[in-house]
Structures are given as structure tokens and as C-alpha cells.
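Student: As input, take data02.pdb (PDB, C-alpha atoms and all ligand atoms):
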ATOM      1  CA  MET W   1    -145.207  -8.712 191.169
ATOM      2  CA  GLY W   2    -145.247  -5.515 189.166
ATOM      3  CA  PHE W   3    -143.035  -3.885 191.775
ATOM      4  CA  ARG W   4    -140.462  -6.646 191.664
ATOM      5  CA  THR W   5    -140.177  -6.929 187.914
ATOM      6  CA  ALA W   6    -139.885  -3.151 187.620
ATOM      7  CA  LEU W   7    -136.666  -3.124 189.663
ATOM      8  CA  PRO W   8    -133.604  -2.499 187.534
ATOM      9  CA  ALA W   9    -131.148  -5.372 187.556
ATOM     10  CA  ALA W  10    -128.399  -3.212 189.067
ATOM     11  CA  PHE W  11    -130.554  -2.439 192.093
ATOM     12  CA  VAL W  12    -131.284  -6.105 192.651
ATOM     13  CA  ALA W  13    -127.574  -6.883 192.507
ATOM     14  CA  ILE W  14    -126.801  -4.254 195.138
ATOM     15  CA  VAL W  15    -129.516  -5.543 197.455
ATOM     16  CA  LEU W  16    -128.138  -9.067 197.210
ATOM     17  CA  GLY W  17    -124.658  -7.820 197.971
ATOM     18  CA  CYS W  18    -121.802  -9.989 196.827
ATOM     19  CA  ALA W  19    -123.786 -13.100 195.854
ATOM     20  CA  PRO W  20    -121.248 -14.431 193.357
ATOM     21  CA  ALA W  21    -123.444 -16.742 191.342
ATOM     22  CA  LEU W  22    -126.456 -14.608 190.542
ATOM     23  CA  ALA W  23    -128.439 -17.026 188.396
ATOM     24  CA  HIS W  24    -129.551 -15.930 184.964
ATOM     25  CA  ASP W  25    -131.676 -18.149 182.784
ATOM     26  CA  TYR W  26    -133.061 -18.250 179.267
ATOM     27  CA  THR W  27    -135.655 -20.311 177.436
ATOM     28  CA  ALA W  28    -135.853 -21.180 173.740
ATOM     29  CA  GLY W  29    -138.336 -23.640 172.297
ATOM     30  CA  GLY W  30    -138.405 -26.520 174.766
ATOM     31  CA  LEU W  31    -134.989 -25.665 176.159
ATOM     32  CA  ALA W  32    -134.182 -24.113 179.527
ATOM     33  CA  ILE W  33    -130.721 -22.545 179.526
ATOM     34  CA  ALA W  34    -129.263 -21.909 182.962
ATOM     35  CA  HIS W  35    -126.488 -19.693 184.193
ATOM     36  CA  PRO W  36    -123.841 -19.248 181.494
ATOM     37  CA  TRP W  37    -120.604 -18.290 183.292
ATOM     38  CA  VAL W  38    -116.858 -18.057 182.802
ATOM     39  CA  PRO W  39    -114.219 -18.285 185.548
ATOM     40  CA  GLU W  40    -111.936 -15.271 185.890
ATOM     41  CA  THR W  41    -108.731 -15.620 183.884
ATOM     42  CA  ALA W  42    -105.126 -15.052 184.868
ATOM     43  CA  PRO W  43    -103.335 -12.082 183.288
ATOM     44  CA  GLY W  44    -101.994 -13.095 179.897
ATOM     45  CA  ALA W  45    -104.421 -15.963 179.394
ATOM     46  CA  ARG W  46    -105.499 -16.228 175.774
ATOM     47  CA  ALA W  47    -108.436 -18.577 176.285
ATOM     48  CA  ALA W  48    -111.287 -19.034 178.718
ATOM     49  CA  ALA W  49    -113.820 -21.801 179.187
ATOM     50  CA  GLY W  50    -117.549 -21.132 179.454
ATOM     51  CA  TYR W  51    -120.033 -23.283 181.315
ATOM     52  CA  LEU W  52    -123.828 -23.597 181.489
ATOM     53  CA  GLU W  53    -126.666 -26.122 181.745
ATOM     54  CA  ILE W  54    -129.233 -26.824 179.057
ATOM     55  CA  THR W  55    -132.330 -28.875 179.902
ATOM     56  CA  ASN W  56    -134.648 -30.176 177.203
ATOM     57  CA  GLU W  57    -138.125 -29.745 178.691
ATOM     58  CA  GLY W  58    -139.815 -30.420 175.349
ATOM     59  CA  ASP W  59    -141.018 -33.622 173.687
ATOM     60  CA  ALA W  60    -138.495 -33.788 170.858
ATOM     61  CA  PRO W  61    -134.722 -34.099 170.757
ATOM     62  CA  ASP W  62    -132.657 -31.013 170.049
ATOM     63  CA  ALA W  63    -128.917 -30.511 169.662
ATOM     64  CA  LEU W  64    -126.378 -27.829 170.447
ATOM     65  CA  ILE W  65    -124.563 -27.288 167.144
ATOM     66  CA  GLY W  66    -122.476 -24.203 167.698
ATOM     67  CA  VAL W  67    -121.573 -21.119 169.650
ATOM     68  CA  GLU W  68    -120.414 -17.702 168.491
ATOM     69  CA  SER W  69    -119.065 -14.567 170.137
ATOM     70  CA  ASP W  70    -117.164 -11.448 169.141
ATOM     71  CA  LEU W  71    -113.877 -13.096 170.116
ATOM     72  CA  PRO W  72    -111.624 -14.308 167.268
ATOM     73  CA  ARG W  73    -112.558 -17.946 167.788
ATOM     74  CA  THR W  74    -115.301 -19.601 169.818
ATOM     75  CA  MET W  75    -116.057 -23.293 169.726
ATOM     76  CA  LEU W  76    -117.492 -26.246 171.587
ATOM     77  CA  HIS W  77    -114.931 -28.476 173.243
ATOM     78  CA  LEU W  78    -115.050 -31.748 175.118
ATOM     79  CA  SER W  79    -112.450 -32.521 177.764
ATOM     80  CA  GLU W  80    -112.050 -36.222 178.471
ATOM     81  CA  ASP W  81    -109.859 -38.367 180.635
ATOM     82  CA  ARG W  82    -108.383 -41.017 178.348
ATOM     83  CA  ASN W  83    -106.344 -43.468 180.395
ATOM     84  CA  GLY W  84    -105.274 -40.761 182.786
ATOM     85  CA  VAL W  85    -104.487 -38.179 180.104
ATOM     86  CA  MET W  86    -106.779 -35.186 179.764
ATOM     87  CA  THR W  87    -107.559 -34.577 176.117
ATOM     88  CA  MET W  88    -109.627 -31.876 174.484
ATOM     89  CA  SER W  89    -111.479 -32.162 171.228
ATOM     90  CA  HIS W  90    -113.626 -29.891 169.098
ATOM     91  CA  VAL W  91    -117.230 -31.083 168.908
ATOM     92  CA  THR W  92    -119.792 -29.874 166.386
ATOM     93  CA  ARG W  93    -123.012 -31.416 167.672
ATOM     94  CA  VAL W  94    -124.249 -32.507 171.093
ATOM     95  CA  GLU W  95    -127.709 -34.054 171.231
ATOM     96  CA  ILE W  96    -130.051 -33.261 174.110
ATOM     97  CA  ALA W  97    -132.829 -35.849 174.456
ATOM     98  CA  PRO W  98    -136.212 -34.891 175.926
ATOM     99  CA  GLY W  99    -135.970 -34.758 179.707
ATOM    100  CA  GLU W 100    -132.174 -34.660 179.658
ATOM    101  CA  THR W 101    -129.786 -31.963 180.856
ATOM    102  CA  LEU W 102    -126.582 -31.195 179.022
ATOM    103  CA  THR W 103    -124.084 -29.869 181.554
ATOM    104  CA  LEU W 104    -121.117 -27.890 180.308
ATOM    105  CA  ALA W 105    -118.727 -28.056 183.241
ATOM    106  CA  PRO W 106    -115.025 -28.325 184.081
ATOM    107  CA  GLY W 107    -113.646 -31.644 182.827
ATOM    108  CA  SER W 108    -116.425 -32.132 180.287
ATOM    109  CA  TYR W 109    -118.139 -30.118 177.583
ATOM    110  CA  HIS W 110    -117.331 -26.394 177.559
ATOM    111  CA  VAL W 111    -117.416 -23.340 175.346
ATOM    112  CA  MET W 112    -113.884 -22.293 174.442
ATOM    113  CA  PHE W 113    -113.420 -18.561 174.022
ATOM    114  CA  MET W 114    -110.113 -17.949 172.233
ATOM    115  CA  GLY W 115    -108.171 -14.848 171.357
ATOM    116  CA  LEU W 116    -108.649 -12.924 174.590
ATOM    117  CA  THR W 117    -106.775  -9.616 174.638
ATOM    118  CA  GLU W 118    -107.453  -8.771 178.282
ATOM    119  CA  ALA W 119    -107.933 -10.678 181.498
ATOM    120  CA  LEU W 120    -111.534 -11.507 182.415
ATOM    121  CA  SER W 121    -112.524 -10.346 185.877
ATOM    122  CA  GLU W 122    -115.640 -10.661 187.973
ATOM    123  CA  GLY W 123    -118.483  -8.471 186.773
ATOM    124  CA  MET W 124    -117.582  -8.610 183.079
ATOM    125  CA  THR W 125    -119.933 -10.301 180.623
ATOM    126  CA  ILE W 126    -119.340 -12.023 177.299
ATOM    127  CA  PRO W 127    -122.274 -11.818 174.895
ATOM    128  CA  ALA W 128    -122.584 -15.001 172.866
ATOM    129  CA  THR W 129    -125.019 -16.822 170.617
ATOM    130  CA  LEU W 130    -125.857 -20.496 171.072
ATOM    131  CA  ALA W 131    -127.080 -22.355 167.983
ATOM    132  CA  PHE W 132    -129.510 -25.258 168.291
ATOM    133  CA  GLU W 133    -130.831 -27.563 165.577
ATOM    134  CA  GLU W 134    -134.486 -27.009 166.497
ATOM    135  CA  ALA W 135    -134.643 -24.028 168.855
ATOM    136  CA  GLY W 136    -132.480 -21.891 166.567
ATOM    137  CA  ARG W 137    -130.139 -19.156 167.672
ATOM    138  CA  VAL W 138    -130.290 -17.906 171.247
ATOM    139  CA  ALA W 139    -128.453 -14.825 172.519
ATOM    140  CA  VAL W 140    -127.056 -15.239 176.032
ATOM    141  CA  GLU W 141    -124.546 -13.525 178.294
ATOM    142  CA  PHE W 142    -121.763 -15.374 180.051
ATOM    143  CA  HIS W 143    -121.030 -13.751 183.414
ATOM    144  CA  VAL W 144    -117.439 -13.734 184.611
ATOM    145  CA  GLU W 145    -117.306 -15.139 188.140
ATOM    146  CA  PRO W 146    -114.566 -15.909 190.652
ATOM    147  CA  ARG W 147    -112.583 -18.993 189.765
ATOM    148  CA  LYS W 148    -113.462 -22.148 191.667
ATOM    149  CA  GLU W 149    -110.787 -24.684 192.294
ATOM    150  CA  GLU W 150    -112.215 -27.379 190.059
ATOM    151  CA  ALA W 151    -112.527 -24.912 187.196
ATOM    152  CA  ALA W 152    -108.828 -24.801 186.391
ATOM    153  CA  HIS W 153    -108.697 -25.052 182.636
ATOM    154  CA  ASP W 154    -105.913 -23.240 180.872
ATOM    155  CA  HIS W 155    -104.626 -23.868 177.423
TER     156      HIS W 155
HETATM  157 CU    CU W 201    -111.251 -26.167 175.586
END
How does the structure come out when it is put into C-alpha cells?
Ligand SMILES: [Cu+2]
Tutor:
Amino acid sequence: MGFRTALPAAFVAIVLGCAPALAHDYTAGGLAIAHPWVPETAPGARAAAGYLEITNEGDAPDALIGVESDLPRTMLHLSEDRNGVMTMSHVTRVEIAPGETLTLAPGSYHVMFMGLTEALSEGMTIPATLAFEEAGRVAVEFHVEPRKEEAAHDH
């Protein structure tokens, strides 16, 4: 155990080779925060969407109420299909009931990073802070990973 935890992260990454979705998790209060990631962006893209899963393993409800980063604007968005038209709205609070998982994923809730000045490519990270009503502020890192087909989300 001591041997494993003493390994630097870079060494672990090399041993695992090109595993694209190296999981990285966080906990805060009763919340388990899994694998914040951002698909690579095309050159010239000004915005990128961030995804992750948040599970409330506690006994009380909590809510995601904001997200911040060093980019000019960062906010929570919800993509919805309304009668065949994809719409996107800014949301300011998403409740997470005990035992429930909030999934930020393509076509649903996502973190919108706006004001990019360079393309995001695999291996880059975006430091960000998630704000929760009960668990408080949690620093995480979004890992830039290869774009999957269903992750197309440009605006
Ligand atoms: Cu968006």
C-alpha cells in the first residue's frame, strides 16, 4: 500500500500507457465527485463543455450552485431537446438528493468554459472550483481527453 501510494502520478500514467480516461475522483462532505473531463476542442473554438458525475452518498440533500475557473466566463448550462430543437440555458442551482447521481454529460447538464484563447488538447488540465450549498467549495481539475462522437457541443 505504501509503495503504491508513493508512486508519482506521472509514473503511474506511463505504466498504464495511453489509457485515455484515467479516472480521477474527489470527495467533499457526502459527495463523491468523479472524473471531471473536457473533450478536445477544434482550433478557433471559443468555448468548451465540461462533464463529470456527482453522487450524494450522504443523508441530506445538497446542490451544485456554481462553478468557477480562470477563464473569462464559466457557468452551468443545461442542454435540452424541446420539440426537436436543442436549447441551452444557464442554470444556477441543481439539487442532488441523497442516493442520487447528478450526471453532467453531452446533451444534458454541463460546465461551459467560455473565452478560450487556445485549443484544448489531450493532456491539458483546467483547474476549476465547484460550489455546493452544503459541501462548500471544492477544487477539481478537468482533464482534456479525446473527443467522443456523442460529445459534439460547439457554440
Ligand atoms: Cu453550454
Student: Once the PyMOL selection byres (((chain W and resi 64-72) around 6) and not hetatm) is applied to the coordinates I shared, what remains selected? I want it as a PyMOL selection string.
Tutor: chain W and resi 63+73-75+92-94+115+128-132
Student: Write to file, as a PDB file, in the frame of the given file, the residues of the selection just made, with C-alpha atoms.
Tutor:
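Ended up saving to selection-v6.pdb:
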ATOM      1  CA  ALA W  63    -128.917 -30.511 169.662  1.00  0.00           C
ATOM      2  CA  ARG W  73    -112.558 -17.946 167.788  1.00  0.00           C
ATOM      3  CA  THR W  74    -115.301 -19.601 169.818  1.00  0.00           C
ATOM      4  CA  MET W  75    -116.057 -23.293 169.726  1.00  0.00           C
ATOM      5  CA  THR W  92    -119.792 -29.874 166.386  1.00  0.00           C
ATOM      6  CA  ARG W  93    -123.012 -31.416 167.672  1.00  0.00           C
ATOM      7  CA  VAL W  94    -124.249 -32.507 171.093  1.00  0.00           C
ATOM      8  CA  GLY W 115    -108.171 -14.848 171.357  1.00  0.00           C
ATOM      9  CA  ALA W 128    -122.584 -15.001 172.866  1.00  0.00           C
ATOM     10  CA  THR W 129    -125.019 -16.822 170.617  1.00  0.00           C
ATOM     11  CA  LEU W 130    -125.857 -20.496 171.072  1.00  0.00           C
ATOM     12  CA  ALA W 131    -127.080 -22.355 167.983  1.00  0.00           C
ATOM     13  CA  PHE W 132    -129.510 -25.258 168.291  1.00  0.00           C
TER      14      PHE W 132
END
Student: For each of W:Thr27, W:Thr103, W:Thr55, W:Thr87, take the minimum atom-to-atom distance to ligand CU 201 (chain W), counting only C-alpha atoms and all ligand atoms, then give the residue where this is smallest.
Tutor: W:Thr87
Student: When distances are computed from only C-alpha atoms, which of W:Met124, W:Pro106, W:Glu141, W:Gly50 shows the smallest separation from Val38 (chain W)?
Tutor: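 Smallest distance to Val38 (chain W) is found for W:Gly50.
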Student: Care to translate the PyMOL selection byres (((not hetatm)) within 7 of (chain W and resi 201)) into actual residues of this file, as a ChimeraX atom specification?
Tutor: /W:49,77-79,88,110-112
Student: Measuring between only C-alpha atoms, which one of W:Glu100, W:Glu133, W:Glu40, W:Glu95 shows the shortest distance to Pro146 (chain W)?
Tutor: W:Glu40
Student: For CA of Phe113 (chain W) and CA of His24 (chain W), quote the distance in Å rounded to one decimal.
Tutor: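 Taking CA of Phe113 (chain W) as the start and CA of His24 (chain W) as the end point, the length is 19.7 Å.
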Student: Neighbours of Ile54 (chain W) within 7 Å (all atoms listed in the file; same-chain residues fewer than 4 positions away dropped), as a list of chain:residue names?
Tutor: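 Those residues are W:Leu31, W:Ala32, W:Ile33, W:Ala34, W:Thr101, W:Leu102, W:Thr103.
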Student: Quick one: distance from CA of Glu57 (chain W) to CA of Pro98 (chain W) in Å, one decimal?
Tutor: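 Interatomic distance, CA of Glu57 (chain W) to CA of Pro98 (chain W): 6.1 Å.
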Student: Quick one: pull the distance between CA of Pro36 (chain W) and CA of Lys148 (chain W), Å, one decimal.
Tutor: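 Spanning CA of Pro36 (chain W) to CA of Lys148 (chain W) is a straight-line distance of 14.8 Å.
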Student: Which of these residues is nearest to Pro127 (chain W), using only C-alpha atoms: W:Trp37, W:Arg147, W:Arg82, W:Glu53?
Tutor: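 So, comparing all the options, the nearest one is W:Trp37.
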Student: Taking only C-alpha atoms into account, name the residue in W:Ala139, W:Leu52, W:Ala60, W:Leu120 that is nearest to Leu104 (chain W).
Tutor: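 Once distances to Leu104 (chain W) are computed over only C-alpha atoms, the minimum belongs to W:Leu52.
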Student: Do you know which residues the PyMOL selection byres (((chain W and resi 43) around 9) and not hetatm) returns on this file, as a list in words?
Tutor: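 On the file shown, the PyMOL selection byres (((chain W and resi 43) around 9) and not hetatm) covers Thr41, Ala42, Gly44, Ala45, Arg46, Glu118, Ala119 and Leu120 of chain W.
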Student: Just C-alpha atoms for this one: save the residues we selected as a compact mmCIF listing (two decimals), in the coordinates of the input.
Tutor:
# COMPACT_ATOMS: atom_id res chain seq x y z
CA THR W 41 -108.73 -15.62 183.88
CA ALA W 42 -105.13 -15.05 184.87
CA GLY W 44 -101.99 -13.10 179.90
CA ALA W 45 -104.42 -15.96 179.39
CA ARG W 46 -105.50 -16.23 175.77
CA GLU W 118 -107.45 -8.77 178.28
CA ALA W 119 -107.93 -10.68 181.50
CA LEU W 120 -111.53 -11.51 182.42
Student: From the set W:Leu116, W:Met86, W:Ile126, W:Val91, which residue has the shortest atom-to-atom contact distance to Glu145 (chain W), counting all atoms listed in the file?
Tutor: W:Ile126
Student: Please fill the gaps in region 78-104 of chain W so it has N, CA, C and O atoms, and write that as a short mmCIF file (atom, residue, chain, number, x, y, z; two decimals), in the coordinates of the input.
Tutor:
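The resulting file, part.cif, is shown below:
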data_model
loop_
_atom_site.label_atom_id
_atom_site.label_comp_id
_atom_site.auth_asym_id
_atom_site.auth_seq_id
_atom_site.Cartn_x
_atom_site.Cartn_y
_atom_site.Cartn_z
N LEU W 78 -114.79 -30.70 174.14
CA LEU W 78 -115.05 -31.75 175.12
C LEU W 78 -113.73 -32.18 175.73
O LEU W 78 -112.82 -32.61 175.01
N SER W 79 -113.61 -32.01 177.04
CA SER W 79 -112.45 -32.52 177.76
C SER W 79 -112.78 -33.93 178.24
O SER W 79 -113.87 -34.19 178.74
N GLU W 80 -111.84 -34.84 178.05
CA GLU W 80 -112.05 -36.22 178.47
C GLU W 80 -110.78 -36.78 179.08
O GLU W 80 -109.68 -36.44 178.65
N ASP W 81 -110.97 -37.65 180.04
CA ASP W 81 -109.86 -38.37 180.64
C ASP W 81 -109.70 -39.68 179.87
O ASP W 81 -110.55 -40.56 179.95
N ARG W 82 -108.63 -39.77 179.08
CA ARG W 82 -108.38 -41.02 178.35
C ARG W 82 -107.16 -41.70 178.95
O ARG W 82 -106.04 -41.28 178.73
N ASN W 83 -107.42 -42.72 179.73
CA ASN W 83 -106.34 -43.47 180.40
C ASN W 83 -105.43 -42.55 181.19
O ASN W 83 -104.22 -42.66 181.13
N GLY W 84 -106.04 -41.63 181.91
CA GLY W 84 -105.27 -40.76 182.79
C GLY W 84 -104.74 -39.51 182.11
O GLY W 84 -104.12 -38.68 182.76
N VAL W 85 -104.96 -39.36 180.81
CA VAL W 85 -104.49 -38.18 180.10
C VAL W 85 -105.69 -37.32 179.71
O VAL W 85 -106.62 -37.81 179.05
N MET W 86 -105.68 -36.07 180.13
CA MET W 86 -106.78 -35.19 179.76
C MET W 86 -106.60 -34.74 178.32
O MET W 86 -105.57 -34.19 177.95
N THR W 87 -107.61 -35.00 177.52
CA THR W 87 -107.56 -34.58 176.12
C THR W 87 -108.71 -33.63 175.86
O THR W 87 -109.71 -33.63 176.58
N MET W 88 -108.57 -32.83 174.83
CA MET W 88 -109.63 -31.88 174.48
C MET W 88 -109.89 -31.95 173.00
O MET W 88 -108.97 -31.94 172.19
N SER W 89 -111.15 -32.08 172.65
CA SER W 89 -111.48 -32.16 171.23
C SER W 89 -112.58 -31.18 170.89
O SER W 89 -113.38 -30.77 171.74
N HIS W 90 -112.61 -30.79 169.63
CA HIS W 90 -113.63 -29.89 169.10
C HIS W 90 -114.85 -30.73 168.75
O HIS W 90 -114.73 -31.74 168.07
N VAL W 91 -116.01 -30.35 169.24
CA VAL W 91 -117.23 -31.08 168.91
C VAL W 91 -118.17 -30.14 168.15
O VAL W 91 -118.17 -28.93 168.37
N THR W 92 -118.94 -30.71 167.23
CA THR W 92 -119.79 -29.87 166.39
C THR W 92 -121.28 -30.11 166.63
O THR W 92 -122.12 -29.39 166.10
N ARG W 93 -121.60 -31.13 167.42
CA ARG W 93 -123.01 -31.42 167.67
C ARG W 93 -123.14 -32.23 168.95
O ARG W 93 -122.48 -33.27 169.09
N VAL W 94 -123.98 -31.75 169.87
CA VAL W 94 -124.25 -32.51 171.09
C VAL W 94 -125.75 -32.62 171.23
O VAL W 94 -126.45 -31.62 171.40
N GLU W 95 -126.27 -33.86 171.16
CA GLU W 95 -127.71 -34.05 171.23
C GLU W 95 -128.20 -33.91 172.67
O GLU W 95 -127.49 -34.27 173.61
N ILE W 96 -129.41 -33.37 172.80
CA ILE W 96 -130.05 -33.26 174.11
C ILE W 96 -131.42 -33.91 173.98
O ILE W 96 -132.33 -33.36 173.35
N ALA W 97 -131.57 -35.10 174.55
CA ALA W 97 -132.83 -35.85 174.46
C ALA W 97 -133.88 -35.21 175.36
O ALA W 97 -133.54 -34.52 176.32
N PRO W 98 -135.16 -35.42 175.06
CA PRO W 98 -136.21 -34.89 175.93
C PRO W 98 -136.01 -35.35 177.37
O PRO W 98 -135.72 -36.52 177.60
N GLY W 99 -136.12 -34.42 178.30
CA GLY W 99 -135.97 -34.76 179.71
C GLY W 99 -134.53 -34.76 180.19
O GLY W 99 -134.27 -34.91 181.38
N GLU W 100 -133.58 -34.61 179.25
CA GLU W 100 -132.17 -34.66 179.66
C GLU W 100 -131.58 -33.27 179.83
O GLU W 100 -132.04 -32.30 179.25
N THR W 101 -130.52 -33.21 180.65
CA THR W 101 -129.79 -31.96 180.86
C THR W 101 -128.37 -32.14 180.34
O THR W 101 -127.69 -33.10 180.71
N LEU W 102 -127.97 -31.25 179.48
CA LEU W 102 -126.58 -31.20 179.02
C LEU W 102 -125.84 -30.22 179.93
O LEU W 102 -126.21 -29.04 180.00
N THR W 103 -124.84 -30.71 180.64
CA THR W 103 -124.08 -29.87 181.55
C THR W 103 -122.71 -29.58 180.97
O THR W 103 -121.93 -30.49 180.73
N LEU W 104 -122.47 -28.31 180.70
CA LEU W 104 -121.12 -27.89 180.31
C LEU W 104 -120.41 -27.48 181.58
O LEU W 104 -120.84 -26.54 182.26
#
